[in-house]
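The data block below is run07.csv; it holds CSV, C-alpha atoms.
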chain,number,residue,atom,x,y,z
A,1,MET,CA,141.8,68.9,90.1
A,2,PRO,CA,141.9,67.1,86.7
A,3,TRP,CA,138.5,66.6,85.0
A,4,SER,CA,139.2,62.9,84.6
A,5,THR,CA,139.3,62.3,88.4
A,6,PRO,CA,135.9,60.9,89.5
A,7,ILE,CA,134.2,62.8,92.3
A,8,TYR,CA,132.4,59.7,93.5
A,9,GLN,CA,133.2,56.1,93.1
A,10,PRO,CA,130.5,53.7,94.2
A,11,PRO,CA,131.8,51.1,96.6
A,12,THR,CA,132.6,47.6,95.4
A,13,GLY,CA,130.6,44.7,96.6
A,14,ALA,CA,132.9,43.7,99.5
A,15,SER,CA,133.3,47.3,100.6
A,16,ALA,CA,129.6,47.9,100.5
A,17,ARG,CA,128.9,44.7,102.5
A,18,HIS,CA,131.5,45.7,105.1
A,19,ASP,CA,130.0,49.2,105.5
A,20,LEU,CA,126.5,47.6,105.8
A,21,LEU,CA,127.8,45.4,108.6
A,22,ILE,CA,129.2,48.4,110.4
A,23,VAL,CA,125.9,50.3,110.0
A,24,SER,CA,124.0,47.3,111.2
A,25,CYS,CA,126.1,47.1,114.4
A,26,ALA,CA,125.9,50.8,115.0
A,27,VAL,CA,122.1,51.1,114.5
A,28,SER,CA,121.5,48.1,116.7
A,29,ALA,CA,123.8,49.6,119.4
A,30,GLY,CA,121.9,52.9,119.3
A,31,ILE,CA,118.5,51.2,119.6
A,32,HIS,CA,119.7,49.0,122.5
A,33,ALA,CA,121.2,52.0,124.2
A,34,ALA,CA,118.0,54.0,123.8
A,35,LEU,CA,116.0,51.2,125.3
A,36,VAL,CA,118.2,50.8,128.4
A,37,PRO,CA,116.0,53.1,130.7
A,38,GLU,CA,112.8,51.3,129.8
A,39,HIS,CA,114.4,47.9,130.5
A,40,LEU,CA,116.1,49.0,133.7
A,41,GLY,CA,112.6,49.8,134.9
A,42,GLU,CA,111.6,46.2,134.3
A,43,SER,CA,114.7,44.8,136.1
A,44,ALA,CA,118.4,45.4,136.6
A,45,ALA,CA,119.2,42.2,134.8
A,46,THR,CA,117.2,43.1,131.7
A,47,GLY,CA,118.6,46.7,131.7
A,48,GLY,CA,122.1,45.2,132.1
A,49,GLY,CA,121.6,43.0,129.2
A,50,PHE,CA,120.7,46.0,127.0
A,51,ILE,CA,123.7,47.9,128.3
A,52,GLY,CA,126.0,45.0,127.5
A,53,SER,CA,124.5,44.6,124.1
A,54,ALA,CA,124.9,48.3,123.3
A,55,VAL,CA,128.5,48.3,124.5
A,56,VAL,CA,129.5,45.1,122.6
A,57,LEU,CA,127.8,46.3,119.4
A,58,LEU,CA,129.5,49.7,119.6
A,59,ALA,CA,132.8,48.1,120.2
A,60,LEU,CA,132.2,45.9,117.1
A,61,ALA,CA,131.3,48.8,114.9
A,62,ILE,CA,134.5,50.5,116.0
A,63,ALA,CA,136.6,47.4,115.5
A,64,LEU,CA,135.1,46.8,112.1
A,65,THR,CA,136.1,50.4,111.2
A,66,LEU,CA,139.7,50.2,112.5
A,67,ARG,CA,140.4,46.6,111.4
A,68,PRO,CA,138.4,46.2,108.2
A,69,ARG,CA,140.5,43.1,107.1
A,70,SER,CA,139.9,41.2,110.3
A,71,ARG,CA,137.8,38.1,109.6
A,72,ALA,CA,137.7,37.5,113.4
A,73,VAL,CA,136.0,40.8,113.9
A,74,VAL,CA,133.5,40.1,111.1
A,75,ALA,CA,132.8,36.7,112.6
A,76,ALA,CA,132.4,38.2,116.1
A,77,ALA,CA,129.9,40.7,114.7
A,78,ALA,CA,128.0,38.0,112.9
A,79,LEU,CA,127.8,35.8,116.1
A,80,THR,CA,126.8,38.7,118.2
A,81,LEU,CA,124.0,39.7,115.8
A,82,VAL,CA,122.8,36.1,115.6
A,83,GLY,CA,122.8,35.8,119.4
A,84,LEU,CA,120.7,38.9,119.7
A,85,ILE,CA,118.2,37.6,117.1
A,86,VAL,CA,118.0,34.2,118.9
A,87,ALA,CA,117.6,36.0,122.3
A,88,TYR,CA,114.7,38.1,121.0
A,89,ALA,CA,113.1,35.0,119.5
A,90,LEU,CA,113.3,33.3,122.9
A,91,ALA,CA,112.2,36.4,124.8
A,92,THR,CA,109.0,36.6,122.7
A,93,THR,CA,108.2,32.9,122.8
A,94,SER,CA,109.3,31.4,126.1
A,95,GLY,CA,111.2,34.1,127.9
A,96,VAL,CA,114.8,34.2,128.9
A,97,PRO,CA,115.7,33.0,132.4
A,98,ILE,CA,116.9,35.7,134.7
A,99,LEU,CA,116.8,38.5,132.0
A,100,GLN,CA,113.1,38.1,130.8
A,101,PRO,CA,111.4,35.2,132.6
A,102,GLU,CA,108.0,35.9,131.0
A,103,PRO,CA,107.5,36.1,127.2
A,104,GLU,CA,107.8,39.7,125.9
A,105,ALA,CA,105.2,41.2,123.6
A,106,VAL,CA,106.3,41.6,120.0
A,107,ASP,CA,106.7,45.2,118.9
A,108,GLY,CA,107.5,47.1,115.7
A,109,LEU,CA,110.8,48.6,116.9
A,110,ALA,CA,112.1,45.3,118.0
A,111,LEU,CA,111.1,43.7,114.6
A,112,ALA,CA,112.8,46.6,112.7
A,113,THR,CA,115.9,46.1,114.9
A,114,LYS,CA,115.9,42.4,114.1
A,115,GLY,CA,115.6,43.2,110.4
A,116,VAL,CA,118.7,45.5,110.6
A,117,GLU,CA,120.5,42.7,112.5
A,118,ILE,CA,119.6,40.1,109.8
A,119,VAL,CA,120.9,42.4,107.1
A,120,GLY,CA,124.2,42.6,109.1
A,121,VAL,CA,124.4,38.8,109.5
A,122,LEU,CA,123.9,38.4,105.7
A,123,ALA,CA,126.6,40.9,105.0
A,124,ALA,CA,129.0,39.2,107.4
A,125,LEU,CA,128.2,35.8,105.9
A,126,GLN,CA,129.0,37.1,102.4
A,127,LEU,CA,132.2,38.7,103.6
A,128,THR,CA,133.4,35.5,105.3
A,129,LEU,CA,132.1,32.9,102.8
A,130,PHE,CA,133.5,34.7,99.7
A,131,LYS,CA,136.7,35.7,101.5
A,132,ARG,CA,136.8,39.1,99.9
A,133,GLN,CA,137.9,42.1,101.9
A,134,PRO,CA,137.0,45.7,101.4
A,135,GLU,CA,139.4,47.7,99.3
A,136,GLY,CA,141.6,50.4,100.9
A,137,ALA,CA,141.9,48.5,104.1
Rewritten as structure tokens:
Amino acid sequence: MPWSTPIYQPPTGASARHDLLIVSCAVSAGIHAALVPEHLGESAATGGGFIGSAVVLLALAIALTLRPRSRAVVAAAALTLVGLIVAYALATTSGVPILQPEPEAVDGLALATKGVEIVGVLAALQLTLFKRQPEGA
């Protein structure tokens, strides 16, 4: 190996934002999946919502990895994350018909998850608004 070959090259802005979006989807998927048993105990509809969220988020993380140049996948990830943030806001303020009819108490894990999702939305917006794609894709 020649000494001039760098061992580590920091990611460029677009690549880093793309990776951040993948991590945001994966972390959110993991947290939603971990909360499935607790929410199934509340109701089948609520548990099903968490199962569906985890599956969609995992599929998006995989799609973002396999198709890094796809603006459609980036947009789908952004819309999904925004939808989850809005659903949580509704769940804690007025409830969500069928899934969570009564307002849910705010908790730290949920707020941390929403923070991760907001970071993912911001990364997706930067990727789509500036029309830059990650290198090597």
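For A:Gly48, the list of residues within 12 Å, based on all atoms listed in the file and with local chain neighbours fewer than 3 positions off taken out, reads His32, Ala33, Leu35, Val36, Pro37, Glu38, His39, Leu40, Gly41, Glu42, Ser43, Ala44, Ala45, Ile51, Gly52, Ser53, Ala54, Val55, Ile98, Leu99 and Gln100 of chain A.
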Selection to disk with C-alpha atoms, as a PDB file, in the frame of the given file:
ATOM      1  CA  HIS A  32     119.700  49.000 122.500  1.00  0.00           C
ATOM      2  CA  ALA A  33     121.200  52.000 124.200  1.00  0.00           C
ATOM      3  CA  LEU A  35     116.000  51.200 125.300  1.00  0.00           C
ATOM      4  CA  VAL A  36     118.200  50.800 128.400  1.00  0.00           C
ATOM      5  CA  PRO A  37     116.000  53.100 130.700  1.00  0.00           C
ATOM      6  CA  GLU A  38     112.800  51.300 129.800  1.00  0.00           C
ATOM      7  CA  HIS A  39     114.400  47.900 130.500  1.00  0.00           C
ATOM      8  CA  LEU A  40     116.100  49.000 133.700  1.00  0.00           C
ATOM      9  CA  GLY A  41     112.600  49.800 134.900  1.00  0.00           C
ATOM     10  CA  GLU A  42     111.600  46.200 134.300  1.00  0.00           C
ATOM     11  CA  SER A  43     114.700  44.800 136.100  1.00  0.00           C
ATOM     12  CA  ALA A  44     118.400  45.400 136.600  1.00  0.00           C
ATOM     13  CA  ALA A  45     119.200  42.200 134.800  1.00  0.00           C
ATOM     14  CA  ILE A  51     123.700  47.900 128.300  1.00  0.00           C
ATOM     15  CA  GLY A  52     126.000  45.000 127.500  1.00  0.00           C
ATOM     16  CA  SER A  53     124.500  44.600 124.100  1.00  0.00           C
ATOM     17  CA  ALA A  54     124.900  48.300 123.300  1.00  0.00           C
ATOM     18  CA  VAL A  55     128.500  48.300 124.500  1.00  0.00           C
ATOM     19  CA  ILE A  98     116.900  35.700 134.700  1.00  0.00           C
ATOM     20  CA  LEU A  99     116.800  38.500 132.000  1.00  0.00           C
ATOM     21  CA  GLN A 100     113.100  38.100 130.800  1.00  0.00           C
TER      22      GLN A 100
END
- Item | Proximity to A:Ala59 - best of A:Gly47, A:Gly95, A:Gly13, A:Gly30, all atoms listed in the file | A:Gly30
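Take the candidates A:Gln126, A:Ala76, A:Ala105, A:Ile118 and check each one against A:Ser28 using only C-alpha atoms; the shortest distance goes to A:Ile118.
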- Task: Rank A:Thr46, A:Ala14, A:Ser70, A:Ser24 by their smallest atom-to-atom distance to A:Glu102, using all atoms listed in the file, and report the top residue only.
- Result: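 Looking at the shortest contact to A:Glu102, the residue is A:Thr46.
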- Task: Please provide the set of residues having any atom within 12 Å of A:Val86, restricted to all atoms listed in the file, with same-chain residues fewer than 4 positions apart removed, written as a VMD selection string.
- Result: chain A and resid 79 to 82 90 to 96 114 117 to 118
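A straight line drawn from atom CA of A:Arg17 to atom CA of A:Ala87 is 24.4 Å long.
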- Query: Any idea what the distance is between atom CA of A:Pro103 and atom CA of A:Ala29?
  - Reply: 22.6 Å
